[in-house]
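Q: Structure supplied as protein_4.cif; contents: mmCIF, C-alpha atoms.
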data_protein
loop_
_atom_site.label_atom_id
_atom_site.label_comp_id
_atom_site.auth_asym_id
_atom_site.auth_seq_id
_atom_site.Cartn_x
_atom_site.Cartn_y
_atom_site.Cartn_z
CA MET A 10 -115.53 -26.87 88.46
CA ALA A 11 -117.24 -30.08 87.42
CA GLU A 12 -117.74 -32.80 90.03
CA GLU A 13 -116.11 -36.18 89.53
CA GLN A 14 -118.30 -38.47 87.46
CA GLU A 15 -118.14 -42.12 86.50
CA VAL A 16 -118.18 -43.26 82.88
CA ARG A 17 -118.11 -46.78 81.50
CA THR A 18 -114.87 -47.81 79.84
CA ALA A 19 -114.47 -49.81 76.64
CA GLY A 20 -113.66 -52.87 78.74
CA GLY A 21 -116.99 -52.66 80.53
CA GLY A 22 -115.75 -51.23 83.83
CA THR A 23 -115.92 -47.71 85.17
CA ARG A 24 -113.30 -45.13 85.95
CA GLY A 25 -113.89 -41.82 87.64
CA VAL A 26 -113.55 -38.73 85.46
CA ARG A 27 -111.55 -36.14 87.36
CA ALA A 28 -112.86 -32.60 87.51
CA GLU A 29 -110.04 -31.27 85.32
CA GLU A 30 -110.78 -33.95 82.73
CA ALA A 31 -114.47 -33.03 82.66
CA ASP A 32 -113.59 -29.37 82.19
CA ALA A 33 -111.08 -30.21 79.45
CA TRP A 34 -113.66 -32.39 77.67
CA GLY A 35 -116.09 -29.47 77.58
CA GLU A 36 -113.43 -27.23 76.05
CA LEU A 37 -112.48 -29.96 73.57
CA VAL A 38 -116.08 -30.33 72.38
CA ASP A 39 -116.40 -26.55 72.00
CA THR A 40 -113.19 -26.47 69.93
CA ALA A 41 -114.30 -29.36 67.73
CA ARG A 42 -117.61 -27.63 67.05
CA ARG A 43 -115.74 -24.43 66.22
CA THR A 44 -113.75 -26.21 63.50
CA VAL A 45 -117.07 -26.96 61.80
CA THR A 46 -118.74 -23.57 62.25
CA GLU A 47 -115.63 -21.75 61.00
CA GLY A 48 -115.30 -23.96 57.93
CA LEU A 49 -112.10 -25.81 58.79
CA VAL A 50 -113.74 -29.22 58.53
CA VAL A 51 -116.86 -30.72 56.99
CA GLY A 52 -118.95 -33.17 59.00
CA THR A 53 -116.77 -35.29 61.24
CA SER A 54 -113.53 -34.86 59.30
CA GLY A 55 -110.65 -33.59 61.40
CA ASN A 56 -110.22 -34.22 65.12
CA VAL A 57 -109.14 -32.57 68.36
CA SER A 58 -107.34 -33.78 71.48
CA VAL A 59 -106.12 -32.39 74.78
CA ARG A 60 -103.71 -33.88 77.31
CA VAL A 61 -104.56 -33.89 81.02
CA GLY A 62 -101.72 -35.47 82.95
CA ASP A 63 -101.07 -38.80 81.25
CA THR A 64 -104.59 -39.00 79.83
CA VAL A 65 -105.32 -37.86 76.27
CA LEU A 66 -108.94 -36.86 75.65
CA VAL A 67 -109.89 -37.18 71.98
CA THR A 68 -112.89 -36.72 69.74
CA PRO A 69 -114.51 -40.08 68.95
CA SER A 70 -114.63 -41.52 65.46
CA GLY A 71 -117.56 -40.65 63.22
CA VAL A 72 -119.71 -38.82 65.78
CA PRO A 73 -121.06 -35.39 64.78
CA TYR A 74 -119.63 -32.85 67.20
CA ASP A 75 -123.02 -31.27 67.92
CA ARG A 76 -124.14 -34.60 69.39
CA LEU A 77 -121.29 -34.98 71.87
CA ALA A 78 -122.34 -34.73 75.51
CA PRO A 79 -120.48 -34.75 78.86
CA ASP A 80 -121.04 -38.50 79.24
CA ASP A 81 -119.35 -39.14 75.87
CA VAL A 82 -115.90 -38.32 77.27
CA THR A 83 -113.35 -40.45 75.40
CA GLY A 84 -109.81 -40.87 76.68
CA VAL A 85 -106.70 -43.00 76.17
CA ASP A 86 -103.33 -43.32 77.82
CA LEU A 87 -100.13 -42.38 76.03
CA GLU A 88 -99.89 -45.91 74.60
CA GLY A 89 -103.34 -45.63 73.05
CA ARG A 90 -105.18 -47.89 75.50
CA GLN A 91 -108.71 -46.62 76.08
CA ILE A 92 -109.29 -45.69 79.72
CA LEU A 93 -112.37 -43.47 79.44
CA GLY A 94 -115.62 -44.02 77.55
CA THR A 95 -117.04 -46.59 75.17
CA LEU A 96 -116.96 -44.58 71.94
CA VAL A 97 -114.13 -45.54 69.57
CA PRO A 98 -111.43 -42.83 69.53
CA THR A 99 -110.60 -40.94 66.34
CA SER A 100 -108.93 -42.97 63.60
CA GLU A 101 -106.13 -40.38 63.61
CA LEU A 102 -105.10 -41.33 67.15
CA PRO A 103 -101.56 -42.36 66.03
CA MET A 104 -100.86 -38.78 64.90
CA HIS A 105 -102.10 -37.25 68.13
CA LEU A 106 -100.15 -39.64 70.33
CA ALA A 107 -96.99 -39.15 68.26
CA VAL A 108 -97.18 -35.41 68.92
CA TYR A 109 -97.63 -35.89 72.68
CA ARG A 110 -94.80 -38.39 72.92
CA SER A 111 -92.38 -36.19 70.97
CA THR A 112 -93.19 -32.64 72.13
CA ASP A 113 -94.44 -30.71 75.14
CA ALA A 114 -97.85 -30.28 73.49
CA ARG A 115 -100.95 -30.11 75.66
CA ALA A 116 -103.44 -29.87 72.77
CA VAL A 117 -103.61 -30.92 69.10
CA VAL A 118 -105.97 -29.79 66.33
CA HIS A 119 -106.24 -31.59 62.98
CA THR A 120 -108.40 -30.19 60.16
CA HIS A 121 -109.14 -30.59 56.46
CA ALA A 122 -109.08 -26.82 55.84
CA VAL A 123 -109.65 -26.11 52.14
CA HIS A 124 -106.89 -23.62 51.33
CA ALA A 125 -104.28 -25.41 53.43
CA THR A 126 -105.13 -28.74 51.82
CA ALA A 127 -104.92 -27.14 48.38
CA VAL A 128 -101.44 -25.80 49.17
CA SER A 129 -100.38 -29.26 50.37
CA THR A 130 -100.93 -30.57 46.83
CA LEU A 131 -98.80 -27.86 45.18
CA VAL A 132 -95.55 -27.33 47.08
CA PRO A 133 -93.29 -29.13 49.61
CA GLU A 134 -93.35 -26.09 51.90
CA LEU A 135 -95.66 -23.10 52.27
CA PRO A 136 -93.83 -20.10 50.78
CA THR A 137 -92.97 -17.41 53.34
CA ILE A 138 -95.81 -15.11 52.34
CA HIS A 139 -96.35 -13.54 55.78
CA TYR A 140 -94.39 -12.82 58.93
CA MET A 141 -96.72 -15.00 61.05
CA THR A 142 -94.68 -17.87 59.60
CA SER A 143 -92.34 -17.14 62.52
CA ALA A 144 -95.11 -17.78 65.03
CA LEU A 145 -95.25 -21.38 63.83
CA GLY A 146 -91.49 -21.90 64.22
CA GLY A 147 -90.52 -21.19 60.61
CA PRO A 148 -91.58 -22.16 57.08
CA VAL A 149 -94.40 -24.69 57.29
CA ARG A 150 -93.43 -28.01 55.71
CA VAL A 151 -95.64 -30.52 53.91
CA ALA A 152 -95.54 -34.08 55.22
CA PRO A 153 -95.51 -36.63 52.35
CA TYR A 154 -98.79 -38.40 51.77
CA ALA A 155 -99.65 -41.59 53.62
CA THR A 156 -102.96 -43.30 54.34
CA TYR A 157 -104.90 -41.71 57.18
CA GLY A 158 -104.71 -43.36 60.58
CA THR A 159 -101.40 -45.12 59.88
CA ASP A 160 -98.08 -45.06 61.70
CA GLU A 161 -96.48 -44.04 58.38
CA LEU A 162 -98.53 -40.84 58.35
CA ALA A 163 -97.61 -40.17 61.98
CA ASP A 164 -93.91 -40.62 61.18
CA ASN A 165 -94.11 -38.33 58.14
CA MET A 166 -95.88 -35.73 60.24
CA LEU A 167 -93.24 -35.79 62.98
CA GLN A 168 -90.48 -35.15 60.46
CA ALA A 169 -92.39 -32.17 59.04
CA LEU A 170 -93.06 -30.86 62.55
CA ALA A 171 -89.40 -30.81 63.61
CA ASP A 172 -88.84 -27.39 65.29
CA ARG A 173 -92.34 -26.35 64.20
CA SER A 174 -95.77 -26.21 65.82
CA ALA A 175 -97.65 -26.81 62.57
CA CYS A 176 -97.37 -28.70 59.31
CA LEU A 177 -99.42 -29.54 56.25
CA LEU A 178 -100.34 -33.12 55.39
CA GLN A 179 -100.13 -33.74 51.66
CA ASN A 180 -103.55 -34.19 50.01
CA HIS A 181 -105.03 -34.33 53.50
CA GLY A 182 -105.04 -31.24 55.73
CA THR A 183 -103.32 -29.58 58.68
CA ILE A 184 -102.08 -30.41 62.14
CA THR A 185 -101.03 -27.96 64.83
CA TYR A 186 -100.29 -28.17 68.53
CA GLY A 187 -99.96 -25.80 71.45
CA ASN A 188 -99.90 -25.34 75.20
CA THR A 189 -103.68 -24.96 75.20
CA LEU A 190 -106.59 -25.80 72.92
CA ALA A 191 -107.01 -22.09 72.23
CA GLN A 192 -103.40 -21.77 71.09
CA ALA A 193 -103.54 -24.92 68.94
CA TYR A 194 -106.75 -23.70 67.30
CA ASP A 195 -105.35 -20.22 66.70
CA ARG A 196 -102.31 -21.73 64.98
CA THR A 197 -104.61 -23.74 62.73
CA ALA A 198 -106.59 -20.64 61.81
CA GLN A 199 -103.39 -18.67 61.13
CA LEU A 200 -102.06 -21.45 58.90
CA GLU A 201 -105.26 -21.64 56.89
CA TRP A 202 -105.25 -17.83 56.51
CA MET A 203 -101.65 -17.81 55.25
CA CYS A 204 -102.43 -20.56 52.75
CA HIS A 205 -105.43 -18.58 51.50
CA LEU A 206 -103.25 -15.48 51.24
CA TRP A 207 -100.58 -17.27 49.19
CA LEU A 208 -103.08 -18.86 46.84
CA THR A 209 -104.75 -15.48 46.32
CA ALA A 210 -101.48 -13.68 45.62
CA ARG A 211 -100.09 -16.30 43.22
CA ALA A 212 -103.34 -16.27 41.23
CA VAL A 213 -102.73 -12.69 40.03
CA PRO A 214 -101.61 -12.92 36.37
CA ASN A 215 -98.08 -11.82 35.41
CA LEU A 216 -97.04 -11.06 38.98
CA THR A 217 -95.06 -13.09 41.52
CA PRO A 218 -95.71 -12.72 45.26
CA ASN A 219 -92.91 -11.19 47.31
CA LEU A 220 -91.62 -13.63 49.92
CA LEU A 221 -89.90 -12.86 53.21
CA THR A 222 -86.25 -13.78 53.72
CA GLU A 223 -84.79 -15.88 56.53
CA GLU A 224 -83.35 -12.71 58.04
CA GLN A 225 -86.72 -10.95 58.01
CA LEU A 226 -88.40 -13.93 59.64
CA ALA A 227 -85.67 -14.16 62.27
CA GLU A 228 -86.21 -10.51 63.18
CA VAL A 229 -89.93 -11.12 63.56
CA GLY A 230 -89.22 -14.15 65.72
CA GLU A 231 -87.27 -11.97 68.14
CA ARG A 232 -90.08 -9.41 68.31
CA LEU A 233 -92.73 -12.08 68.87
CA ARG A 234 -90.95 -13.25 72.03
CA GLY A 235 -91.98 -9.99 73.67
CA TYR A 236 -95.45 -9.81 72.12
CA GLY A 237 -98.58 -9.46 74.22
CA GLN A 238 -99.36 -8.41 77.77
CA ARG A 239 -96.86 -8.97 80.55
CA ALA A 240 -97.93 -10.51 83.81
#
Could I get this file's structure written as structure tokens?
A:
Amino acid sequence: MAEEQEVRTAGGGTRGVRAEEADAWGELVDTARRTVTEGLVVGTSGNVSVRVGDTVLVTPSGVPYDRLAPDDVTGVDLEGRQILGTLVPTSELPMHLAVYRSTDARAVVHTHAVHATAVSTLVPELPTIHYMTSALGGPVRVAPYATYGTDELADNMLQALADRSACLLQNHGTITYGNTLAQAYDRTAQLEWMCHLWLTARAVPNLTPNLLTEEQLAEVGERLRGYGQRA
């Protein structure tokens, strides 16, 4: 467990970083770096956040993830006021905060994954190409395009996320959330995989991909509730 440390705030003062915040920051940085190494973002595109109590830790704007260090911890309150660090938070902060205010999310991952972004330009909803659609709450919708970093984009995203844990952002990318950073990241990876699968299947000449029905997805949803190890 990390010891409490002091970091300078944007206003010039200091505020102690709690041990759980320091641990969460380390996991956030690891997750952000993973989005790059696994090809979900290029450079500093995309962003990651995690909620610890009423503090939201976020990746800073325009800083390569391999340069982030423990002292770079960047955090805001749920109103977007910076309370930790001096680095400017991600420009997509409105989207992250909108998710935390509207859901029980503890972590959010936003990427510019290639296949998912391609799908966002083609259809208003990802066709039900695979049963893992159910793991995201149902067919993944596409939020209408709006300029990045705006409240309009955040509003469009929330509508697409209704009863879902993931959505596509038109001509932009993906956003997913979960109870943990690991879960949010896994949902992003699953979404990108399904988009790749659909694009691959629809590219076969003279054939149309089979899609799953609402009934088939509902059955999978029931089975997924009992999936995994029991405590």
Q: Can you list what the PyMOL selection byres ((chain A and resi 74) around 8) grabs from this structure, as a list in words?
A: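 Those residues are Val38, Ala41, Arg42, Thr53, Val72, Pro73, Asp75, Arg76 and Leu77 of chain A.
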Q: Using all atoms listed in the file, determine which residues lie at most 8 Å from A:Val50, disregarding the query and same-chain residues fewer than 3 positions distant; provide the list as a PDB file with C-alpha atoms, in the frame of the given file.
A:
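Result saved to out-v5.pdb:
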ATOM      1  CA  THR A  44    -113.750 -26.210  63.500  1.00  0.00           C
ATOM      2  CA  VAL A  45    -117.070 -26.960  61.800  1.00  0.00           C
ATOM      3  CA  THR A  53    -116.770 -35.290  61.240  1.00  0.00           C
ATOM      4  CA  SER A  54    -113.530 -34.860  59.300  1.00  0.00           C
ATOM      5  CA  GLY A  55    -110.650 -33.590  61.400  1.00  0.00           C
ATOM      6  CA  THR A 120    -108.400 -30.190  60.160  1.00  0.00           C
ATOM      7  CA  HIS A 121    -109.140 -30.590  56.460  1.00  0.00           C
ATOM      8  CA  ALA A 122    -109.080 -26.820  55.840  1.00  0.00           C
TER       9      ALA A 122
END
Q: Please provide the set of residues having any atom within 8 Å of A:Gly35, restricted to all atoms listed in the file, with same-chain residues fewer than 4 positions apart removed, written as a PyMOL selection string.
A: chain A and resi 31+39+79
Q: Identify all residues satisfying the PyMOL selection byres ((chain A and resi 140) around 7) in the given file; provide them as an MDAnalysis selection string.
A: chainID A and resid 139 141:143 226 229
Q: So, with all atoms listed in the file as the atoms that count, which of A:Ala125, A:Met104, A:Leu178, A:Val132 lies closest to A:Trp202?
A: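 Checking each candidate against A:Trp202, we get A:Ala125 as the closest.
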Q: Exactly which residues make up the result of the PyMOL selection byres ((chain A and resi 175) around 6) on this file, given as number ranges by chain?
A: A: 173-174, 176, 184-185
